[in-house]
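Asker: Data file upload.tsv (TSV, C-alpha atoms) is appended below.
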```
chain	number	residue	atom	x	y	z
L	1	MET	CA	0.93	8.50	-12.95
L	2	LYS	CA	3.60	5.77	-13.24
L	3	THR	CA	6.24	7.68	-11.29
L	4	GLY	CA	3.80	8.90	-8.63
L	5	THR	CA	2.09	7.06	-5.79
L	6	LYS	CA	2.86	3.51	-6.96
L	7	ALA	CA	6.56	4.23	-7.40
L	8	TYR	CA	6.66	5.98	-4.04
L	9	MET	CA	4.91	3.12	-2.22
L	10	ASP	CA	7.29	0.61	-3.83
L	11	LEU	CA	10.03	2.18	-1.70
L	12	TYR	CA	8.38	0.61	1.36
L	13	PRO	CA	8.60	-3.20	1.82
L	14	GLU	CA	5.29	-5.01	2.37
L	15	GLY	CA	6.71	-7.08	5.23
L	16	SER	CA	9.45	-6.90	7.83
L	17	THR	CA	12.28	-9.34	8.48
L	18	ASP	CA	11.96	-9.24	12.28
L	19	GLY	CA	8.19	-9.43	12.72
L	20	GLY	CA	7.81	-5.75	13.59
L	21	LEU	CA	5.05	-3.66	12.02
L	22	ARG	CA	6.40	-0.74	9.99
L	23	LEU	CA	5.12	1.79	7.48
L	24	GLY	CA	4.26	0.19	4.14
L	25	ASN	CA	3.83	-3.27	5.67
L	26	ILE	CA	0.65	-5.27	5.14
L	27	VAL	CA	-1.06	-5.10	8.54
L	28	PRO	CA	-1.88	-8.36	10.37
L	29	ASP	CA	-5.32	-9.81	9.72
L	30	PHE	CA	-7.47	-11.05	12.60
L	31	SER	CA	-10.97	-12.19	13.49
L	32	MET	CA	-12.77	-9.77	15.78
L	33	GLU	CA	-15.53	-9.74	18.34
L	34	THR	CA	-17.04	-6.26	18.46
L	35	THR	CA	-19.92	-4.19	19.73
L	36	HIS	CA	-21.34	-4.50	16.20
L	37	GLY	CA	-21.09	-8.27	16.04
L	38	ASP	CA	-18.39	-10.76	15.08
L	39	PHE	CA	-16.30	-10.55	11.91
L	40	PRO	CA	-14.05	-13.37	10.62
L	41	SER	CA	-11.50	-11.03	9.04
L	42	PHE	CA	-10.40	-7.44	9.63
L	43	HIS	CA	-9.13	-7.31	6.05
L	44	GLU	CA	-12.50	-8.43	4.71
L	45	TRP	CA	-14.35	-5.94	6.96
L	46	LYS	CA	-12.38	-3.02	5.45
L	47	GLU	CA	-11.97	-4.49	1.96
L	48	GLY	CA	-11.01	-1.80	-0.57
L	49	LYS	CA	-11.38	1.06	1.93
L	50	TRP	CA	-9.27	3.27	4.13
L	51	ALA	CA	-9.50	2.43	7.82
L	52	ILE	CA	-8.26	3.70	11.16
L	53	LEU	CA	-7.60	1.27	13.99
L	54	PHE	CA	-7.43	3.00	17.37
L	55	SER	CA	-6.40	1.36	20.61
L	56	HIS	CA	-7.37	2.73	23.98
L	57	PRO	CA	-5.83	1.59	27.27
L	58	ALA	CA	-9.02	0.62	29.08
L	59	ASP	CA	-12.78	1.12	29.37
L	60	PHE	CA	-14.12	3.36	32.13
L	61	THR	CA	-11.09	5.67	32.01
L	62	PRO	CA	-11.42	9.46	31.60
L	63	VAL	CA	-9.22	10.19	28.57
L	64	CYS	CA	-10.58	7.31	26.50
L	65	THR	CA	-14.15	8.44	27.17
L	66	THR	CA	-13.49	11.84	25.57
L	67	GLU	CA	-11.61	10.31	22.62
L	68	ILE	CA	-14.40	7.93	21.64
L	69	GLY	CA	-16.80	10.88	21.48
L	70	ARG	CA	-14.45	12.92	19.29
L	71	LEU	CA	-14.00	10.06	16.81
L	72	LEU	CA	-17.34	11.00	15.27
L	73	LYS	CA	-15.66	13.69	13.15
L	74	ALA	CA	-16.56	12.96	9.53
L	75	MET	CA	-13.86	11.07	7.65
L	76	ASP	CA	-14.03	9.15	4.40
L	77	CYS	CA	-12.80	5.94	6.00
L	78	LEU	CA	-13.83	3.18	8.36
L	79	VAL	CA	-13.06	3.43	12.06
L	80	ALA	CA	-12.61	0.71	14.66
L	81	THR	CA	-11.29	0.93	18.21
L	82	LEU	CA	-9.81	-1.73	20.47
L	83	SER	CA	-8.76	-2.47	24.02
L	84	VAL	CA	-8.00	-5.61	26.04
L	85	ASP	CA	-11.43	-5.37	27.68
L	86	PRO	CA	-14.16	-7.80	26.58
L	87	VAL	CA	-17.05	-6.66	24.39
L	88	LYS	CA	-19.51	-6.76	27.32
L	89	SER	CA	-17.40	-4.14	29.11
L	90	HIS	CA	-17.29	-1.97	25.96
L	91	THR	CA	-21.07	-2.06	25.64
L	92	GLU	CA	-21.63	-1.01	29.25
L	93	TRP	CA	-18.99	1.73	29.03
L	94	LEU	CA	-20.56	3.28	25.91
L	95	ASN	CA	-23.51	4.43	28.03
L	96	ASP	CA	-21.07	6.68	29.91
L	97	VAL	CA	-19.46	7.89	26.68
L	98	VAL	CA	-22.79	8.98	25.21
L	99	ALA	CA	-23.86	10.63	28.46
L	100	HIS	CA	-20.62	12.59	28.80
L	101	CYS	CA	-20.40	13.87	25.21
L	102	GLU	CA	-22.47	16.65	23.68
L	103	ASN	CA	-25.42	16.37	21.29
L	104	LYS	CA	-26.47	12.83	22.30
L	105	ILE	CA	-23.96	11.20	19.97
L	106	GLU	CA	-24.30	7.73	18.47
L	107	ILE	CA	-21.30	5.41	18.37
L	108	LYS	CA	-21.55	4.08	14.82
L	109	PHE	CA	-18.23	2.25	14.66
L	110	PRO	CA	-17.28	-1.10	16.23
L	111	ILE	CA	-15.23	-1.42	19.40
L	112	ILE	CA	-13.16	-4.60	19.39
L	113	GLY	CA	-12.66	-6.80	22.41
L	114	ASP	CA	-9.16	-8.22	22.79
L	115	PRO	CA	-9.12	-9.97	26.20
L	116	ASP	CA	-6.54	-12.56	25.06
L	117	ARG	CA	-4.31	-9.69	23.78
L	118	LYS	CA	-3.58	-11.43	20.46
L	119	ILE	CA	-4.43	-8.39	18.34
L	120	SER	CA	-2.60	-6.00	20.64
L	121	THR	CA	0.49	-8.22	20.48
L	122	ALA	CA	0.38	-8.59	16.69
L	123	TYR	CA	0.26	-4.81	16.27
L	124	GLY	CA	3.05	-4.17	18.78
L	125	MET	CA	0.78	-2.43	21.27
L	126	ILE	CA	1.70	-4.69	24.15
L	127	ASP	CA	4.72	-6.81	25.09
L	128	PRO	CA	3.73	-10.49	25.35
L	129	GLY	CA	6.78	-11.17	27.51
L	130	THR	CA	5.72	-8.81	30.29
L	131	SER	CA	1.95	-8.30	30.00
L	132	ASP	CA	1.12	-11.42	32.04
L	133	GLU	CA	3.02	-9.93	34.98
L	134	GLN	CA	1.10	-6.65	34.93
L	135	ALA	CA	-1.92	-6.11	37.18
L	136	LEU	CA	-3.37	-3.77	34.51
L	137	PRO	CA	-1.89	-4.65	31.07
L	138	LEU	CA	-2.59	-1.36	29.28
L	139	THR	CA	-2.26	-1.18	25.53
L	140	ILE	CA	-0.59	1.99	24.32
L	141	ARG	CA	-2.84	4.72	22.96
L	142	ALA	CA	-2.13	3.92	19.30
L	143	VAL	CA	-3.40	5.00	15.89
L	144	PHE	CA	-2.96	2.95	12.71
L	145	ILE	CA	-4.09	4.47	9.40
L	146	ILE	CA	-4.38	1.75	6.76
L	147	ASN	CA	-4.88	2.18	3.00
L	148	PRO	CA	-7.20	0.17	0.69
L	149	GLU	CA	-4.40	-2.35	0.02
L	150	ASN	CA	-4.12	-3.05	3.78
L	151	LYS	CA	-0.77	-1.25	3.98
L	152	LEU	CA	0.12	0.74	7.09
L	153	MET	CA	0.44	4.38	6.06
L	154	LEU	CA	0.82	6.10	9.43
L	155	SER	CA	1.13	5.10	13.07
L	156	LEU	CA	1.05	7.23	16.21
L	157	ASN	CA	1.77	6.19	19.78
L	158	TYR	CA	0.68	8.09	22.88
L	159	PRO	CA	1.01	7.25	26.57
L	160	ALA	CA	-2.15	6.51	28.54
L	161	CYS	CA	-2.06	9.93	30.21
L	162	VAL	CA	-2.20	12.03	26.99
L	163	GLY	CA	-5.32	12.26	24.83
L	164	ARG	CA	-5.00	12.32	21.06
L	165	ASN	CA	-5.70	15.41	18.95
L	166	MET	CA	-8.54	14.15	16.75
L	167	ASP	CA	-8.38	17.18	14.47
L	168	GLU	CA	-4.76	16.31	13.66
L	169	ILE	CA	-5.71	12.70	12.94
L	170	VAL	CA	-8.39	13.88	10.49
L	171	ARG	CA	-5.77	16.14	8.86
L	172	CYS	CA	-3.44	13.15	8.49
L	173	VAL	CA	-6.16	11.00	6.93
L	174	GLN	CA	-7.05	13.67	4.39
L	175	ALA	CA	-3.36	14.30	3.59
L	176	LEU	CA	-2.72	10.59	3.06
L	177	GLN	CA	-5.77	10.18	0.86
L	178	LEU	CA	-4.84	13.20	-1.21
L	179	SER	CA	-1.28	11.94	-1.64
L	180	TYR	CA	-2.59	8.49	-2.60
L	181	LYS	CA	-4.92	9.89	-5.25
L	182	LYS	CA	-2.87	12.77	-6.64
L	183	SER	CA	0.82	11.78	-6.18
L	184	ILE	CA	1.59	14.72	-3.93
L	185	ALA	CA	3.06	15.36	-0.48
L	186	THR	CA	1.69	17.86	2.02
L	187	PRO	CA	4.13	20.36	3.61
L	188	ALA	CA	4.40	21.06	7.32
L	189	ASN	CA	1.27	22.70	8.76
L	190	TRP	CA	-0.74	22.04	5.57
L	191	PRO	CA	-3.09	23.61	4.58
L	192	ASN	CA	-1.74	26.67	6.41
L	193	ASN	CA	1.59	26.63	4.57
L	194	HIS	CA	3.54	28.77	2.07
L	195	ALA	CA	1.48	31.89	2.73
L	196	ASP	CA	4.34	34.01	1.42
L	197	ILE	CA	7.10	32.88	-0.96
L	198	ALA	CA	9.67	34.55	-3.19
L	199	LEU	CA	9.44	34.29	-6.98
L	200	ALA	CA	12.30	34.25	-9.50
L	201	ASP	CA	11.88	37.96	-10.26
L	202	GLY	CA	12.35	38.90	-6.61
L	203	THR	CA	8.69	39.65	-5.89
L	204	ARG	CA	6.69	37.78	-3.27
L	205	THR	CA	3.29	36.12	-3.54
L	206	ASP	CA	0.61	34.53	-1.37
L	207	GLU	CA	-0.83	32.53	-4.28
L	208	PHE	CA	0.74	29.31	-3.02
L	209	LYS	CA	-0.91	29.23	0.38
L	210	GLY	CA	-2.24	25.72	0.96
L	211	SER	CA	-0.17	24.33	-1.91
L	212	VAL	CA	1.33	20.84	-1.96
L	213	PHE	CA	4.57	19.28	-3.20
L	214	LEU	CA	4.91	16.73	-5.96
L	215	LEU	CA	6.23	13.41	-4.68
L	216	PRO	CA	10.01	13.10	-5.18
L	217	THR	CA	9.47	10.10	-7.47
L	218	VAL	CA	7.35	12.05	-9.99
L	219	SER	CA	9.36	12.49	-13.18
L	220	PRO	CA	9.75	15.95	-14.80
L	221	GLU	CA	7.80	14.64	-17.79
L	222	GLU	CA	4.79	13.50	-15.77
L	223	ALA	CA	4.96	16.61	-13.60
L	224	LYS	CA	4.55	18.79	-16.69
L	225	GLU	CA	1.82	16.54	-18.07
L	226	HIS	CA	-0.35	16.45	-14.95
L	227	TYR	CA	0.55	19.75	-13.26
L	228	PRO	CA	1.82	22.10	-15.99
L	229	GLY	CA	1.60	25.13	-13.71
L	230	TYR	CA	3.77	23.79	-10.87
L	231	HIS	CA	6.36	26.11	-9.35
L	232	THR	CA	9.90	25.07	-8.41
L	233	CYS	CA	11.25	26.95	-5.40
L	234	ALA	CA	14.76	28.26	-5.87
L	235	VAL	CA	17.29	27.07	-3.26
L	236	PRO	CA	21.09	27.47	-2.95
L	237	SER	CA	21.72	23.84	-3.97
L	238	LYS	CA	19.92	24.50	-7.28
L	239	ILE	CA	18.35	21.04	-6.98
L	240	GLU	CA	14.78	21.19	-8.30
L	241	TYR	CA	13.00	19.16	-5.66
L	242	LEU	CA	10.68	21.74	-4.04
L	243	ARG	CA	7.96	21.52	-6.69
L	244	LEU	CA	4.79	23.26	-5.50
L	245	VAL	CA	1.32	22.72	-6.95
L	246	LYS	CA	-1.33	25.36	-6.20
L	247	LYS	CA	-4.36	24.25	-4.23
L	248	GLU	CA	-6.73	25.09	-7.12
L	249	ASP	CA	-4.93	22.45	-9.21
L	250	VAL	CA	-5.75	19.71	-6.68
L	251	GLU	CA	-8.85	20.99	-4.89
L	252	LYS	CA	-11.15	19.33	-7.40
L	253	ASP	CA	-10.21	16.13	-5.61
L	254	LYS	CA	-12.94	15.01	-3.17
L	255	GLY	CA	-10.47	14.45	-0.33
L	256	TYR	CA	-9.10	17.98	-0.55
L	257	ASP	CA	-12.54	19.60	-0.57
L	258	GLU	CA	-13.65	17.52	2.43
L	259	PHE	CA	-10.63	18.55	4.43
L	260	LEU	CA	-11.10	22.26	3.67
L	261	ASN	CA	-14.73	21.99	4.76
L	262	PHE	CA	-13.60	20.30	7.97
L	263	VAL	CA	-11.10	23.09	8.70
L	264	LYS	CA	-13.82	25.72	8.26
L	265	SER	CA	-16.27	23.87	10.55
```
Translate this file's structure into C-alpha coordinates.
Answerer:
Amino acid sequence: MKTGTKAYMDLYPEGSTDGGLRLGNIVPDFSMETTHGDFPSFHEWKEGKWAILFSHPADFTPVCTTEIGRLLKAMDCLVATLSVDPVKSHTEWLNDVVAHCENKIEIKFPIIGDPDRKISTAYGMIDPGTSDEQALPLTIRAVFIINPENKLMLSLNYPACVGRNMDEIVRCVQALQLSYKKSIATPANWPNNHADIALADGTRTDEFKGSVFLLPTVSPEEAKEHYPGYHTCAVPSKIEYLRLVKKEDVEKDKGYDEFLNFVKS
(Lines of atoms letter the chains of each structure in order from A and count residues from 1; the text may use other names and numbers.)
(Lines give C-alpha, C1' and ligand atoms only; values in the text may rest on other atoms or scores of the structure.)
Protein backbone atom coordinates (compact mmCIF):
# COMPACT_ATOMS: atom_id res chain seq x y z
CA MET A 1 0.00 0.00 0.00
CA LYS A 2 1.87 3.08 -1.27
CA THR A 3 0.09 5.52 1.02
CA GLY A 4 0.27 3.23 4.06
CA THR A 5 3.18 2.25 6.28
CA LYS A 6 5.97 3.54 4.02
CA ALA A 7 4.37 6.96 3.62
CA TYR A 8 3.71 7.12 7.35
CA MET A 9 7.29 6.18 8.28
CA ASP A 10 8.63 8.78 5.84
CA LEU A 11 7.19 11.41 8.20
CA TYR A 12 9.92 10.47 10.71
CA PRO A 13 13.55 11.46 9.94
CA GLU A 14 16.11 8.65 10.08
CA GLY A 15 18.57 10.77 12.06
CA SER A 16 18.57 13.72 14.44
CA THR A 17 20.41 17.01 14.14
CA ASP A 18 21.50 17.14 17.79
CA GLY A 19 22.63 13.55 18.36
CA GLY A 20 19.54 12.59 20.35
CA LEU A 21 17.74 9.31 19.67
CA ARG A 22 14.13 9.82 18.58
CA LEU A 23 11.32 7.80 17.05
CA GLY A 24 12.02 6.87 13.44
CA ASN A 25 15.78 7.29 13.83
CA ILE A 26 18.18 4.51 12.88
CA VAL A 27 19.40 3.21 16.25
CA PRO A 28 23.14 3.25 17.01
CA ASP A 29 25.06 0.11 16.13
CA PHE A 30 27.52 -1.40 18.59
CA SER A 31 29.61 -4.50 19.28
CA MET A 32 28.43 -6.44 22.30
CA GLU A 33 29.75 -8.83 24.89
CA THR A 34 26.87 -10.95 26.17
CA THR A 35 25.95 -14.00 28.18
CA HIS A 36 25.51 -15.75 24.81
CA GLY A 37 28.92 -14.80 23.47
CA ASP A 38 30.37 -11.81 21.64
CA PHE A 39 28.79 -10.19 18.58
CA PRO A 40 30.54 -7.61 16.36
CA SER A 41 27.34 -5.76 15.45
CA PHE A 42 23.94 -5.31 17.07
CA HIS A 43 22.48 -4.52 13.63
CA GLU A 44 23.87 -7.75 12.20
CA TRP A 45 22.62 -9.75 15.22
CA LYS A 46 19.02 -8.58 14.59
CA GLU A 47 19.28 -8.31 10.80
CA GLY A 48 15.83 -8.19 9.18
CA LYS A 49 13.98 -8.80 12.46
CA TRP A 50 12.11 -6.91 15.13
CA ALA A 51 14.02 -6.53 18.37
CA ILE A 52 13.55 -5.17 21.87
CA LEU A 53 16.50 -3.73 23.76
CA PHE A 54 15.84 -3.48 27.50
CA SER A 55 18.09 -1.79 30.00
CA HIS A 56 18.02 -2.59 33.68
CA PRO A 57 19.71 -0.48 36.36
CA ALA A 58 21.84 -3.19 37.95
CA ASP A 59 22.28 -6.91 38.58
CA PHE A 60 21.30 -8.31 41.97
CA THR A 61 18.45 -5.82 42.41
CA PRO A 62 14.88 -6.92 43.23
CA VAL A 63 12.83 -5.27 40.47
CA CYS A 64 15.20 -6.29 37.68
CA THR A 65 15.13 -9.91 38.86
CA THR A 66 11.35 -10.10 38.37
CA GLU A 67 11.49 -8.33 34.99
CA ILE A 68 14.02 -10.71 33.47
CA GLY A 69 11.76 -13.63 34.37
CA ARG A 70 8.70 -12.00 32.80
CA LEU A 71 10.54 -11.31 29.53
CA LEU A 72 9.95 -14.92 28.55
CA LYS A 73 6.46 -14.05 27.29
CA ALA A 74 6.27 -15.22 23.67
CA MET A 75 6.88 -12.45 21.15
CA ASP A 76 7.75 -12.63 17.48
CA CYS A 77 10.94 -10.63 17.92
CA LEU A 78 14.43 -10.83 19.36
CA VAL A 79 15.11 -9.69 22.91
CA ALA A 80 18.31 -8.42 24.50
CA THR A 81 18.86 -6.75 27.86
CA LEU A 82 21.67 -4.53 29.09
CA SER A 83 23.18 -2.94 32.17
CA VAL A 84 26.52 -1.36 33.06
CA ASP A 85 27.53 -4.55 34.89
CA PRO A 86 30.07 -6.88 33.23
CA VAL A 87 28.99 -10.18 31.67
CA LYS A 88 30.48 -12.20 34.56
CA SER A 89 28.11 -10.44 36.95
CA HIS A 90 25.14 -11.12 34.64
CA THR A 91 25.96 -14.82 34.51
CA GLU A 92 26.16 -15.14 38.29
CA TRP A 93 22.98 -13.12 38.80
CA LEU A 94 20.96 -15.32 36.41
CA ASN A 95 21.15 -18.16 38.94
CA ASP A 96 19.08 -15.99 41.29
CA VAL A 97 16.65 -15.03 38.51
CA VAL A 98 15.93 -18.66 37.64
CA ALA A 99 15.58 -19.63 41.30
CA HIS A 100 13.15 -16.81 42.06
CA CYS A 101 10.86 -17.27 39.04
CA GLU A 102 8.28 -20.00 38.57
CA ASN A 103 8.48 -23.10 36.37
CA LYS A 104 12.30 -23.33 36.29
CA ILE A 105 12.59 -20.85 33.43
CA GLU A 106 15.45 -20.70 30.95
CA ILE A 107 16.92 -17.34 29.96
CA LYS A 108 17.17 -17.76 26.19
CA PHE A 109 18.11 -14.19 25.28
CA PRO A 110 21.48 -12.43 25.68
CA ILE A 111 22.26 -10.00 28.47
CA ILE A 112 24.75 -7.38 27.35
CA GLY A 113 27.58 -6.11 29.51
CA ASP A 114 28.25 -2.38 29.23
CA PRO A 115 30.87 -1.60 31.92
CA ASP A 116 32.38 1.27 29.89
CA ARG A 117 28.85 2.75 29.45
CA LYS A 118 29.34 3.39 25.72
CA ILE A 119 26.07 1.73 24.70
CA SER A 120 24.12 3.33 27.53
CA THR A 121 25.47 6.74 26.52
CA ALA A 122 24.72 6.25 22.81
CA TYR A 123 21.10 5.37 23.60
CA GLY A 124 20.64 8.26 26.02
CA MET A 125 20.24 6.01 29.06
CA ILE A 126 22.99 7.68 31.03
CA ASP A 127 24.58 11.14 31.09
CA PRO A 128 28.30 10.92 30.25
CA GLY A 129 28.90 14.28 31.92
CA THR A 130 27.75 13.13 35.35
CA SER A 131 28.02 9.32 35.44
CA ASP A 132 31.70 9.35 36.45
CA GLU A 133 30.76 11.27 39.59
CA GLN A 134 28.11 8.76 40.67
CA ALA A 135 28.93 5.99 43.14
CA LEU A 136 26.28 3.81 41.42
CA PRO A 137 25.77 5.01 37.81
CA LEU A 138 22.34 3.48 37.17
CA THR A 139 21.00 3.32 33.65
CA ILE A 140 17.33 4.20 33.40
CA ARG A 141 14.88 1.33 33.09
CA ALA A 142 14.39 1.73 29.33
CA VAL A 143 12.67 -0.12 26.49
CA PHE A 144 13.55 0.33 22.82
CA ILE A 145 11.41 -1.46 20.22
CA ILE A 146 13.22 -1.54 16.88
CA ASN A 147 11.83 -2.56 13.48
CA PRO A 148 13.53 -4.71 10.78
CA GLU A 149 15.07 -1.58 9.21
CA ASN A 150 16.76 -0.72 12.54
CA LYS A 151 14.41 2.22 13.11
CA LEU A 152 13.28 3.08 16.63
CA MET A 153 9.52 2.57 16.77
CA LEU A 154 8.83 3.02 20.48
CA SER A 155 10.76 3.94 23.61
CA LEU A 156 9.71 3.83 27.26
CA ASN A 157 11.57 5.16 30.28
CA TYR A 158 10.95 4.10 33.87
CA PRO A 159 12.74 5.02 37.09
CA ALA A 160 14.70 2.32 38.89
CA CYS A 161 11.98 1.95 41.55
CA VAL A 162 9.12 1.03 39.15
CA GLY A 163 8.95 -2.31 37.34
CA ARG A 164 7.72 -2.46 33.77
CA ASN A 165 4.38 -3.99 32.78
CA MET A 166 5.52 -6.77 30.45
CA ASP A 167 2.00 -7.47 29.23
CA GLU A 168 1.78 -3.88 27.98
CA ILE A 169 5.14 -4.20 26.23
CA VAL A 170 3.91 -7.32 24.42
CA ARG A 171 0.75 -5.40 23.44
CA CYS A 172 2.91 -2.60 22.03
CA VAL A 173 5.06 -5.03 20.02
CA GLN A 174 2.02 -6.70 18.49
CA ALA A 175 0.39 -3.33 17.74
CA LEU A 176 3.55 -2.05 16.03
CA GLN A 177 3.95 -5.21 13.99
CA LEU A 178 0.33 -5.13 12.91
CA SER A 179 0.60 -1.46 11.92
CA TYR A 180 3.81 -2.20 10.01
CA LYS A 181 2.24 -5.06 8.05
CA LYS A 182 -1.30 -3.77 7.52
CA SER A 183 -1.04 0.06 7.45
CA ILE A 184 -3.29 0.52 10.46
CA ALA A 185 -3.19 2.25 13.85
CA THR A 186 -4.49 0.73 17.07
CA PRO A 187 -6.88 2.82 19.23
CA ALA A 188 -6.50 3.39 22.95
CA ASN A 189 -6.92 0.20 25.00
CA TRP A 190 -6.80 -2.02 21.89
CA PRO A 191 -8.04 -4.73 21.56
CA ASN A 192 -10.65 -3.77 24.17
CA ASN A 193 -11.88 -0.74 22.24
CA HIS A 194 -15.03 0.46 20.43
CA ALA A 195 -17.28 -2.07 22.14
CA ASP A 196 -20.27 0.15 21.40
CA ILE A 197 -20.52 2.77 18.64
CA ALA A 198 -23.29 4.69 16.91
CA LEU A 199 -24.11 4.06 13.25
CA ALA A 200 -25.44 6.56 10.69
CA ASP A 201 -29.02 5.35 11.14
CA GLY A 202 -28.93 6.07 14.87
CA THR A 203 -28.61 2.45 15.99
CA ARG A 204 -25.67 1.16 18.00
CA THR A 205 -23.46 -1.87 17.41
CA ASP A 206 -20.76 -3.91 19.12
CA GLU A 207 -19.44 -5.28 15.82
CA PHE A 208 -16.42 -2.98 15.92
CA LYS A 209 -14.98 -4.17 19.21
CA GLY A 210 -11.26 -4.72 18.74
CA SER A 211 -11.25 -2.79 15.47
CA VAL A 212 -8.35 -0.66 14.25
CA PHE A 213 -7.97 2.64 12.41
CA LEU A 214 -6.48 3.13 8.98
CA LEU A 215 -3.31 5.21 9.09
CA PRO A 216 -3.99 8.89 8.31
CA THR A 217 -1.75 8.66 5.22
CA VAL A 218 -3.84 5.92 3.56
CA SER A 219 -5.63 7.42 0.57
CA PRO A 220 -9.40 6.94 0.08
CA GLU A 221 -8.64 4.93 -3.05
CA GLU A 222 -6.33 2.47 -1.33
CA ALA A 223 -8.62 2.30 1.69
CA LYS A 224 -11.47 1.11 -0.54
CA GLU A 225 -9.19 -1.29 -2.40
CA HIS A 226 -7.71 -3.01 0.65
CA TYR A 227 -10.48 -2.56 3.23
CA PRO A 228 -13.75 -2.10 1.31
CA GLY A 229 -15.85 -2.62 4.43
CA TYR A 230 -14.24 0.08 6.58
CA HIS A 231 -16.52 2.35 8.62
CA THR A 232 -16.05 6.10 8.98
CA CYS A 233 -17.21 7.43 12.35
CA ALA A 234 -19.34 10.54 12.12
CA VAL A 235 -18.02 13.54 14.08
CA PRO A 236 -19.13 17.20 14.30
CA SER A 237 -16.18 18.39 12.16
CA LYS A 238 -17.38 16.12 9.33
CA ILE A 239 -13.73 15.28 8.62
CA GLU A 240 -13.48 11.62 7.62
CA TYR A 241 -10.42 10.58 9.58
CA LEU A 242 -11.84 8.02 12.05
CA ARG A 243 -11.82 5.10 9.61
CA LEU A 244 -12.40 1.82 11.46
CA VAL A 245 -11.56 -1.63 10.11
CA LYS A 246 -13.22 -4.63 11.79
CA LYS A 247 -10.95 -7.13 13.47
CA GLU A 248 -12.06 -9.94 11.12
CA ASP A 249 -10.61 -7.93 8.22
CA VAL A 250 -7.14 -7.91 9.81
CA GLU A 251 -7.12 -10.96 12.08
CA LYS A 252 -5.81 -13.19 9.30
CA ASP A 253 -2.52 -11.44 9.96
CA LYS A 254 -0.16 -13.60 12.07
CA GLY A 255 0.66 -10.75 14.45
CA TYR A 256 -3.00 -10.11 15.27
CA ASP A 257 -3.75 -13.78 15.94
CA GLU A 258 -0.69 -14.11 18.19
CA PHE A 259 -1.73 -11.12 20.26
CA LEU A 260 -5.30 -12.38 20.71
CA ASN A 261 -3.94 -15.73 21.86
CA PHE A 262 -1.67 -13.92 24.32
CA VAL A 263 -4.59 -11.93 25.74
CA LYS A 264 -6.58 -15.14 26.30
CA SER A 265 -3.65 -16.90 28.03
Asker: I'd like the interatomic distance between atom CA of L:Met166 and atom CA of L:Gly69, to a tenth of an Å.
Answerer: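 Computing it gives 10.1 Å between the two atoms.
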Asker: Counting all atoms listed in the file, which residue out of L:Cys101, L:Asp96, L:Pro216, L:Val84 sits closest to L:Ile239?
Answerer: L:Pro216
Asker: List as a PDB file with C-alpha atoms, keeping the file's coordinate frame the protein and nucleic acid residues near stretch 12-27 of chain L, meaning an atom at most 9 Å away when all atoms listed in the file are counted, but skip any in the same chain fewer than 6 places from it.
Answerer:
```
ATOM      1  CA  HIS L  43      -9.130  -7.310   6.050  1.00  0.00           C
ATOM      2  CA  ALA L 122       0.380  -8.590  16.690  1.00  0.00           C
ATOM      3  CA  TYR L 123       0.260  -4.810  16.270  1.00  0.00           C
ATOM      4  CA  GLY L 124       3.050  -4.170  18.780  1.00  0.00           C
ATOM      5  CA  ILE L 146      -4.380   1.750   6.760  1.00  0.00           C
ATOM      6  CA  GLU L 149      -4.400  -2.350   0.020  1.00  0.00           C
ATOM      7  CA  ASN L 150      -4.120  -3.050   3.780  1.00  0.00           C
ATOM      8  CA  LYS L 151      -0.770  -1.250   3.980  1.00  0.00           C
ATOM      9  CA  LEU L 152       0.120   0.740   7.090  1.00  0.00           C
ATOM     10  CA  MET L 153       0.440   4.380   6.060  1.00  0.00           C
ATOM     11  CA  LEU L 154       0.820   6.100   9.430  1.00  0.00           C
ATOM     12  CA  SER L 155       1.130   5.100  13.070  1.00  0.00           C
TER      13      SER L 155
END
```
Asker: Restricting the calculation to all atoms listed in the file: of L:Cys77, L:Thr66, L:Pro110, L:Lys6, which residue gets closest to L:Thr34?
Answerer: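 That would be L:Pro110, the residue with the smallest distance to L:Thr34.
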Asker: At a cut-off of 12 Å around the point (10.3, 25.5, -9.0) (file coordinates), what residues fall inside when counting all atoms listed in the file? I'd like the answer as a PDB file with C-alpha atoms, keeping the file's coordinate frame.
Answerer:
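New file result-v3.pdb:
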```pdb
ATOM      1  CA  ILE L 197       7.100  32.880  -0.960  1.00  0.00           C
ATOM      2  CA  ALA L 198       9.670  34.550  -3.190  1.00  0.00           C
ATOM      3  CA  LEU L 199       9.440  34.290  -6.980  1.00  0.00           C
ATOM      4  CA  ALA L 200      12.300  34.250  -9.500  1.00  0.00           C
ATOM      5  CA  PHE L 208       0.740  29.310  -3.020  1.00  0.00           C
ATOM      6  CA  PHE L 213       4.570  19.280  -3.200  1.00  0.00           C
ATOM      7  CA  LEU L 214       4.910  16.730  -5.960  1.00  0.00           C
ATOM      8  CA  PRO L 220       9.750  15.950 -14.800  1.00  0.00           C
ATOM      9  CA  ALA L 223       4.960  16.610 -13.600  1.00  0.00           C
ATOM     10  CA  LYS L 224       4.550  18.790 -16.690  1.00  0.00           C
ATOM     11  CA  PRO L 228       1.820  22.100 -15.990  1.00  0.00           C
ATOM     12  CA  GLY L 229       1.600  25.130 -13.710  1.00  0.00           C
ATOM     13  CA  TYR L 230       3.770  23.790 -10.870  1.00  0.00           C
ATOM     14  CA  HIS L 231       6.360  26.110  -9.350  1.00  0.00           C
ATOM     15  CA  THR L 232       9.900  25.070  -8.410  1.00  0.00           C
ATOM     16  CA  CYS L 233      11.250  26.950  -5.400  1.00  0.00           C
ATOM     17  CA  ALA L 234      14.760  28.260  -5.870  1.00  0.00           C
ATOM     18  CA  VAL L 235      17.290  27.070  -3.260  1.00  0.00           C
ATOM     19  CA  LYS L 238      19.920  24.500  -7.280  1.00  0.00           C
ATOM     20  CA  ILE L 239      18.350  21.040  -6.980  1.00  0.00           C
ATOM     21  CA  GLU L 240      14.780  21.190  -8.300  1.00  0.00           C
ATOM     22  CA  TYR L 241      13.000  19.160  -5.660  1.00  0.00           C
ATOM     23  CA  LEU L 242      10.680  21.740  -4.040  1.00  0.00           C
ATOM     24  CA  ARG L 243       7.960  21.520  -6.690  1.00  0.00           C
ATOM     25  CA  LEU L 244       4.790  23.260  -5.500  1.00  0.00           C
ATOM     26  CA  VAL L 245       1.320  22.720  -6.950  1.00  0.00           C
ATOM     27  CA  LYS L 246      -1.330  25.360  -6.200  1.00  0.00           C
TER      28      LYS L 246
END
```
